[in-house]
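K.L.:
My structure is stored as coords38.cif, with mmCIF, C-alpha atoms and all ligand atoms.
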data_start
loop_
_atom_site.label_atom_id
_atom_site.label_comp_id
_atom_site.auth_asym_id
_atom_site.auth_seq_id
_atom_site.Cartn_x
_atom_site.Cartn_y
_atom_site.Cartn_z
CA MET A 69 109.82 84.04 74.14
CA ASN A 70 107.51 83.58 77.18
CA ILE A 71 107.84 85.77 80.29
CA LEU A 72 109.70 83.10 82.28
CA ASP A 73 112.34 82.75 79.54
CA LYS A 74 112.69 86.56 79.50
CA ILE A 75 113.11 86.72 83.29
CA VAL A 76 115.77 83.99 83.19
CA ALA A 77 117.67 85.62 80.30
CA ASP A 78 117.74 88.92 82.22
CA LYS A 79 118.73 87.12 85.41
CA ARG A 80 121.78 85.51 83.73
CA LYS A 81 123.05 88.96 82.69
CA GLU A 82 122.32 90.38 86.16
CA VAL A 83 124.20 87.59 87.95
CA ASP A 84 127.22 87.92 85.64
CA LEU A 85 127.38 91.65 86.37
CA LYS A 86 126.96 91.15 90.13
CA LYS A 87 129.81 88.62 90.20
CA SER A 88 132.12 91.30 88.82
CA LEU A 89 130.94 93.89 91.39
CA ILE A 90 130.93 91.74 94.55
CA THR A 91 133.09 88.63 94.33
CA LEU A 92 132.15 85.30 95.90
CA PRO A 93 134.93 85.57 98.56
CA GLN A 94 133.58 89.03 99.48
CA LEU A 95 130.08 87.58 99.90
CA GLU A 96 131.48 84.70 101.93
CA ALA A 97 133.11 87.20 104.31
CA SER A 98 129.70 88.59 105.35
CA VAL A 99 128.96 88.22 109.09
CA MET A 100 125.54 86.84 108.13
CA MET A 101 127.28 83.68 106.87
CA GLU A 102 127.79 82.79 110.56
CA ARG A 103 124.11 83.20 111.45
CA THR A 104 122.19 80.02 112.31
CA SER A 105 119.21 79.82 109.95
CA VAL A 106 115.71 79.07 111.21
CA SER A 107 113.99 76.17 109.44
CA LEU A 108 110.71 77.12 107.77
CA ALA A 109 109.91 73.43 107.20
CA ALA A 110 110.17 72.79 110.95
CA VAL A 111 107.91 75.76 111.75
CA LEU A 112 105.32 74.64 109.17
CA ARG A 113 105.29 71.06 110.50
CA LYS A 114 104.26 72.37 113.93
CA SER A 115 101.80 75.04 112.73
CA ASN A 116 98.01 74.81 112.49
CA THR A 117 97.78 77.69 110.04
CA GLY A 118 100.88 77.41 107.82
CA ILE A 119 100.79 80.91 106.36
CA ILE A 120 103.86 82.16 104.48
CA ALA A 121 103.13 85.81 103.69
CA GLU A 122 104.85 87.53 100.79
CA HIS A 123 106.27 91.02 100.34
CA LYS A 124 105.32 91.74 96.70
CA ARG A 125 105.12 95.25 95.22
CA ARG A 126 104.27 94.30 91.67
CA SER A 127 104.30 91.29 89.38
CA PRO A 128 104.25 90.45 85.68
CA SER A 129 100.67 89.17 85.98
CA LYS A 130 99.18 92.04 88.01
CA SER A 131 101.58 94.92 87.36
CA VAL A 132 101.27 97.22 90.42
CA ILE A 133 100.01 95.64 93.67
CA ASN A 134 101.25 98.11 96.31
CA GLN A 135 104.22 100.46 96.05
CA ASN A 136 103.34 102.62 99.07
CA LEU A 137 104.61 100.49 101.95
CA ASN A 138 107.98 99.99 103.54
CA VAL A 139 109.30 96.50 103.90
CA GLN A 140 110.13 96.80 107.62
CA ASP A 141 106.52 97.69 108.49
CA VAL A 142 105.20 94.88 106.31
CA ALA A 143 107.62 92.32 107.80
CA LYS A 144 106.87 93.38 111.40
CA GLY A 145 103.13 93.35 110.67
CA TYR A 146 103.35 89.83 109.24
CA ALA A 147 105.42 88.57 112.19
CA ASP A 148 102.99 90.15 114.69
CA ALA A 149 100.11 88.48 112.83
CA GLY A 150 101.70 85.09 113.55
CA VAL A 151 102.74 83.99 110.05
CA CYS A 152 105.18 81.04 109.86
CA GLY A 153 107.55 82.80 107.49
CA ILE A 154 107.90 85.70 105.08
CA SER A 155 108.69 85.46 101.39
CA VAL A 156 110.69 88.46 100.18
CA LEU A 157 110.87 89.01 96.43
CA THR A 158 114.35 90.21 95.54
CA ASP A 159 113.95 90.55 91.76
CA GLY A 160 114.01 94.22 90.76
CA LYS A 161 112.96 94.38 87.13
CA TYR A 162 109.75 92.32 87.25
CA PHE A 163 108.71 92.51 90.93
CA GLY A 164 110.19 95.79 92.22
CA GLY A 165 112.11 93.96 94.95
CA SER A 166 115.77 94.00 96.00
CA LEU A 167 118.36 92.46 98.28
CA ASP A 168 117.95 95.59 100.42
CA ASP A 169 114.38 94.41 101.08
CA LEU A 170 115.78 91.13 102.38
CA VAL A 171 118.30 92.87 104.65
CA LEU A 172 115.64 95.24 106.01
CA ALA A 173 113.22 92.39 106.63
CA ARG A 174 116.02 90.47 108.37
CA ALA A 175 116.73 93.46 110.60
CA SER A 176 113.04 93.64 111.55
CA VAL A 177 112.02 90.04 112.36
CA ASN A 178 113.45 86.73 113.56
CA ILE A 179 111.03 84.38 111.80
CA PRO A 180 112.14 82.43 108.68
CA LEU A 181 112.70 84.50 105.53
CA LEU A 182 112.44 82.99 102.07
CA ARG A 183 114.49 84.65 99.35
CA LYS A 184 111.96 84.62 96.48
CA GLU A 185 114.14 84.76 93.41
CA PHE A 186 114.80 83.10 90.07
CA ILE A 187 117.88 81.17 91.16
CA ILE A 188 120.03 79.83 88.34
CA ASP A 189 123.54 80.11 89.82
CA GLU A 190 125.35 79.04 93.00
CA TYR A 191 126.35 82.69 93.54
CA GLN A 192 122.71 83.59 94.30
CA ILE A 193 122.57 80.96 97.05
CA VAL A 194 125.60 82.37 98.84
CA GLU A 195 124.07 85.81 98.32
CA ALA A 196 120.81 84.63 99.92
CA LYS A 197 122.69 83.47 103.02
CA ALA A 198 124.87 86.61 103.13
CA TYR A 199 121.80 88.87 103.04
CA GLY A 200 119.92 87.05 105.80
CA ALA A 201 117.65 84.45 104.17
CA ASP A 202 116.74 81.17 105.89
CA VAL A 203 115.21 79.52 102.84
CA ILE A 204 115.80 79.56 99.09
CA LEU A 205 113.37 78.85 96.28
CA LEU A 206 114.30 76.63 93.34
CA ILE A 207 111.93 76.61 90.36
CA ALA A 208 111.86 73.28 88.51
CA ALA A 209 110.62 74.93 85.29
CA ILE A 210 113.94 76.75 84.83
CA LEU A 211 116.41 74.13 86.13
CA SER A 212 117.62 70.66 85.10
CA ARG A 213 117.68 67.82 87.66
CA GLU A 214 121.48 68.15 87.86
CA GLU A 215 121.18 71.90 88.58
CA ILE A 216 118.53 71.30 91.24
CA LYS A 217 120.88 68.78 92.90
CA THR A 218 123.93 71.07 92.84
CA LEU A 219 122.03 74.17 94.01
CA SER A 220 120.03 72.41 96.74
CA GLU A 221 123.09 70.62 98.10
CA LEU A 222 124.97 73.93 98.30
CA ALA A 223 122.01 75.50 100.13
CA LYS A 224 121.89 72.63 102.62
CA SER A 225 125.65 72.94 103.21
CA LEU A 226 125.01 76.58 104.24
CA GLY A 227 122.19 75.56 106.60
CA LEU A 228 119.43 76.92 104.37
CA ASP A 229 116.06 75.22 103.80
CA VAL A 230 115.11 74.48 100.21
CA LEU A 231 111.63 75.01 98.76
CA LEU A 232 111.39 73.37 95.33
CA GLU A 233 108.55 74.70 93.19
CA VAL A 234 106.75 72.70 90.53
CA HIS A 235 103.69 73.25 88.35
CA ASN A 236 103.17 69.84 86.71
CA GLU A 237 103.88 66.14 87.06
CA GLU A 238 106.97 66.14 84.84
CA GLU A 239 108.63 68.89 86.91
CA LEU A 240 107.74 67.02 90.10
CA GLN A 241 109.09 63.66 88.95
CA LYS A 242 112.41 65.11 87.75
CA SER A 243 112.96 67.02 91.00
CA ILE A 244 112.41 64.64 93.90
CA MET A 245 115.66 64.23 95.85
CA PRO A 246 116.74 64.19 99.52
CA SER A 247 118.32 67.68 99.50
CA LEU A 248 114.87 69.34 99.39
CA ASP A 249 112.82 70.24 102.47
CA MET A 250 109.56 71.50 101.00
CA LEU A 251 107.75 70.76 97.76
CA GLY A 252 105.79 73.78 96.57
CA VAL A 253 103.07 73.51 93.95
CA ASN A 254 102.57 76.81 92.18
CA ASN A 255 98.93 77.21 91.22
CA ARG A 256 99.99 79.90 88.74
CA ASN A 257 101.35 78.80 85.39
CA LEU A 258 104.37 81.12 85.18
CA LYS A 259 104.27 81.09 81.37
CA THR A 260 100.56 81.96 80.90
CA PHE A 261 99.63 83.36 84.39
CA GLU A 262 96.57 81.10 84.52
CA VAL A 263 95.76 80.26 88.17
CA SER A 264 93.95 77.15 89.42
CA LEU A 265 94.04 75.58 92.89
CA ASP A 266 93.27 72.28 91.14
CA THR A 267 97.00 72.13 90.30
CA SER A 268 97.81 71.67 94.02
CA LYS A 269 94.99 69.17 94.45
CA THR A 270 96.01 67.06 91.43
CA LEU A 271 99.73 66.89 92.26
CA SER A 272 99.37 66.37 96.03
CA GLU A 273 99.24 62.58 96.04
CA GLN A 274 102.47 62.31 94.03
CA ILE A 275 104.49 64.27 96.60
CA PRO A 276 106.29 61.86 98.96
CA GLU A 277 105.39 62.22 102.65
CA ASP A 278 108.97 63.18 103.65
CA PHE A 279 108.48 66.69 102.21
CA VAL A 280 106.39 69.50 103.65
CA LYS A 281 103.79 70.34 100.99
CA VAL A 282 103.31 74.02 100.20
CA SER A 283 100.57 75.42 97.97
CA GLU A 284 101.55 78.71 96.28
CA SER A 285 99.65 81.53 94.52
CA GLY A 286 96.03 82.48 94.03
CA ILE A 287 95.02 81.74 97.63
CA SER A 288 92.61 84.28 99.12
CA THR A 289 90.01 82.45 101.21
CA ILE A 290 89.85 80.42 104.41
CA GLY A 291 87.82 77.85 102.48
CA ALA A 292 90.68 77.33 100.02
CA ILE A 293 93.14 76.66 102.87
CA GLN A 294 90.76 74.24 104.56
CA GLU A 295 90.30 72.38 101.29
CA LEU A 296 94.04 72.26 100.56
CA LYS A 297 94.75 70.97 104.08
CA GLY A 298 92.58 67.98 103.15
CA PHE A 299 95.12 67.24 100.38
CA GLY A 300 98.01 67.23 102.89
CA TYR A 301 99.27 70.81 102.46
CA GLN A 302 100.90 72.36 105.54
CA GLY A 303 102.17 75.61 103.96
CA PHE A 304 100.26 78.29 102.05
CA LEU A 305 102.13 81.07 100.25
CA ILE A 306 100.01 84.21 99.99
CA GLY A 307 101.13 87.44 98.33
CA GLU A 308 98.64 89.64 96.56
CA ASN A 309 95.69 88.98 98.88
CA PHE A 310 97.59 90.66 101.76
CA MET A 311 99.75 93.11 99.80
CA LYS A 312 96.82 94.73 97.94
CA THR A 313 95.57 96.15 101.24
CA ASP A 314 96.80 99.28 103.07
CA ASP A 315 97.98 97.16 106.01
CA PRO A 316 99.15 93.68 104.93
CA GLY A 317 100.02 92.73 108.54
CA ALA A 318 96.50 93.54 109.76
CA SER A 319 95.03 91.68 106.79
CA ALA A 320 97.20 88.61 107.58
CA LYS A 321 96.19 88.81 111.26
CA GLU A 322 92.49 88.88 110.40
CA PHE A 323 93.01 85.89 108.08
CA ILE A 324 94.95 83.88 110.68
CA ASP A 325 92.46 84.70 113.47
CA GLU A 326 89.67 83.43 111.22
CA LEU A 327 91.66 80.25 110.43
CA ASN A 328 92.18 79.61 114.16
CA LYS A 329 88.44 79.82 114.96
O1 LIG B 1 103.00 86.58 90.37
C1 LIG B 1 103.33 86.60 89.17
O2 LIG B 1 102.74 87.28 88.32
C2 LIG B 1 104.50 85.80 88.68
C3 LIG B 1 104.83 85.85 87.34
C4 LIG B 1 105.93 85.15 86.85
C5 LIG B 1 106.70 84.41 87.72
C6 LIG B 1 106.38 84.36 89.07
C7 LIG B 1 105.29 85.04 89.55
N1 LIG B 1 104.96 85.04 90.89
C8 LIG B 1 105.74 84.42 91.90
C9 LIG B 1 104.92 83.70 92.90
O3 LIG B 1 105.12 82.52 93.00
C10 LIG B 1 103.89 84.43 93.72
O4 LIG B 1 104.35 85.72 93.98
C11 LIG B 1 103.52 83.78 95.06
O5 LIG B 1 103.21 82.44 94.93
C12 LIG B 1 102.30 84.51 95.67
O6 LIG B 1 101.23 84.49 94.75
P1 LIG B 1 99.91 85.36 94.98
O7 LIG B 1 99.36 85.01 96.33
O8 LIG B 1 98.98 84.95 93.89
O9 LIG B 1 100.32 86.80 94.90
#
Turn this file's structure into structure tokens for me.
Ligand SMILES: O=C(O)c1ccccc1NCC(=O)[C@H](O)[C@H](O)COP(=O)(O)O
P.N.:
Amino acid sequence: MNILDKIVADKRKEVDLKKSLITLPQLEASVMMERTSVSLAAVLRKSNTGIIAEHKRRSPSKSVINQNLNVQDVAKGYADAGVCGISVLTDGKYFGGSLDDLVLARASVNIPLLRKEFIIDEYQIVEAKAYGADVILLIAAILSREEIKTLSELAKSLGLDVLLEVHNEEELQKSIMPSLDMLGVNNRNLKTFEVSLDTSKTLSEQIPEDFVKVSESGISTIGAIQELKGFGYQGFLIGENFMKTDDPGASAKEFIDELNK
């Protein structure tokens, strides 16, 4: 079994347990359900830099990245740096994240927050809204076209943006539909952890113009962003490059200042 299959198998058990602890009607009663979400796609369309900075303590590919920071400081630092949005990993077992991280980030900043999660069930979408997210991630590698349609349409009905992530042509072709806002190309193969920015470059021309193109993973240089912009990308998801430092906000600021030169 590859790591992605393991993560999904664990996630199914986790979601089943959560449903018995906090019911859907209880989630739907959260005051956050009334909050008007901020569109990340709209912010990216207007931005010159397009940085989406990630809060990421550890990962299956790198193990520990940074466990010494608190999420409020990181979120405020990223917002002060001028990022377009923040990706908050909420998976506990593989990434050391939690829904508490999302709530604390929400309490700290007003910019768009992406719930970075392995979403396989409608419950997790309502949960994302109830805990303060503006955007959800759907990963084509773990969902059928029918599931992508059902989950993305539910997200849109709650006012959330949808970032659909692909890694190859087959995943892209099966996923294109009007209920998506952003098409993300993950440069990391989630089954082997191999990273290549060529994945974004190769798939770019097959992404219809209606979607904001986001390049994800393995981005660490200004040169890479400038090159990817040439392929039509307007969003750049960066985790480890900022989180491996003592001050991810300062690191993001330095990066964005350099991009703006
Ligand atoms: O990062 C991993 O090791 C990983 C492994 C298995 C599934 C997902 C994984 N990462 C999720 C992401 O998409 C990245 O955290 C995100 O794109 C940022 O990547 P990076 O800038 O390389 O930290």
K.L.:
Starting from 8 Å padding per side, set up an axis-aligned box that covers all listed atoms of range 228-240 of chain A and hand over centre and edge lengths in Å, one decimal, as JSON.
P.N.:
{"center_x": 111.3, "center_y": 71.5, "center_z": 94.6, "size_x": 32.3, "size_y": 26.8, "size_z": 35.5}
K.L.:
Smallest atom-to-atom distance to ligand LIG 1 (chain B): which of A:Ser268, A:Gln241, A:Thr104, A:Asn254, using all atoms listed in the file?
P.N.:
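Looking at the shortest contact to ligand LIG 1 (chain B), the residue is A:Asn254.
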K.L.:
Once you count all atoms listed in the file, which residues end up no further than 12 Å from (89.2, 83.9, 109.9) in the file's frame, shown as a ChimeraX atom specification?
P.N.:
/A:117,288-294,319-329
K.L.:
Residues within 6 Å of ligand LIG 1 (chain B) should be enumerated using all atoms listed in the file and returned as a list in words.
P.N.:
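Residues lying within 6 Å of ligand LIG 1 (chain B): Ser127, Pro128, Ser129, Lys130, Leu258, Glu284, Ser285, Gly286, Ile287, Leu305, Ile306, Gly307, Glu308 and Asn309 of chain A.
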K.L.:
Please compute the CA of Tyr146 in chain A-CA of Asp168 in chain A distance, one decimal, in Å.
P.N.:
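Those two atoms sit 18.0 Å apart.
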K.L.:
One decimal, Å: what's the distance from CA of Lys79 in chain A over to CA of Leu172 in chain A, could you say?
P.N.:
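Interatomic distance here is 22.4 Å.
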K.L.:
Could you tell me, as a PyMOL selection string, which residues have any atom at most 10 Å from (97.5, 94.9, 99.2), counting only C-alpha atoms?
P.N.:
chain A and resi 123-125+132-137+307-317+319
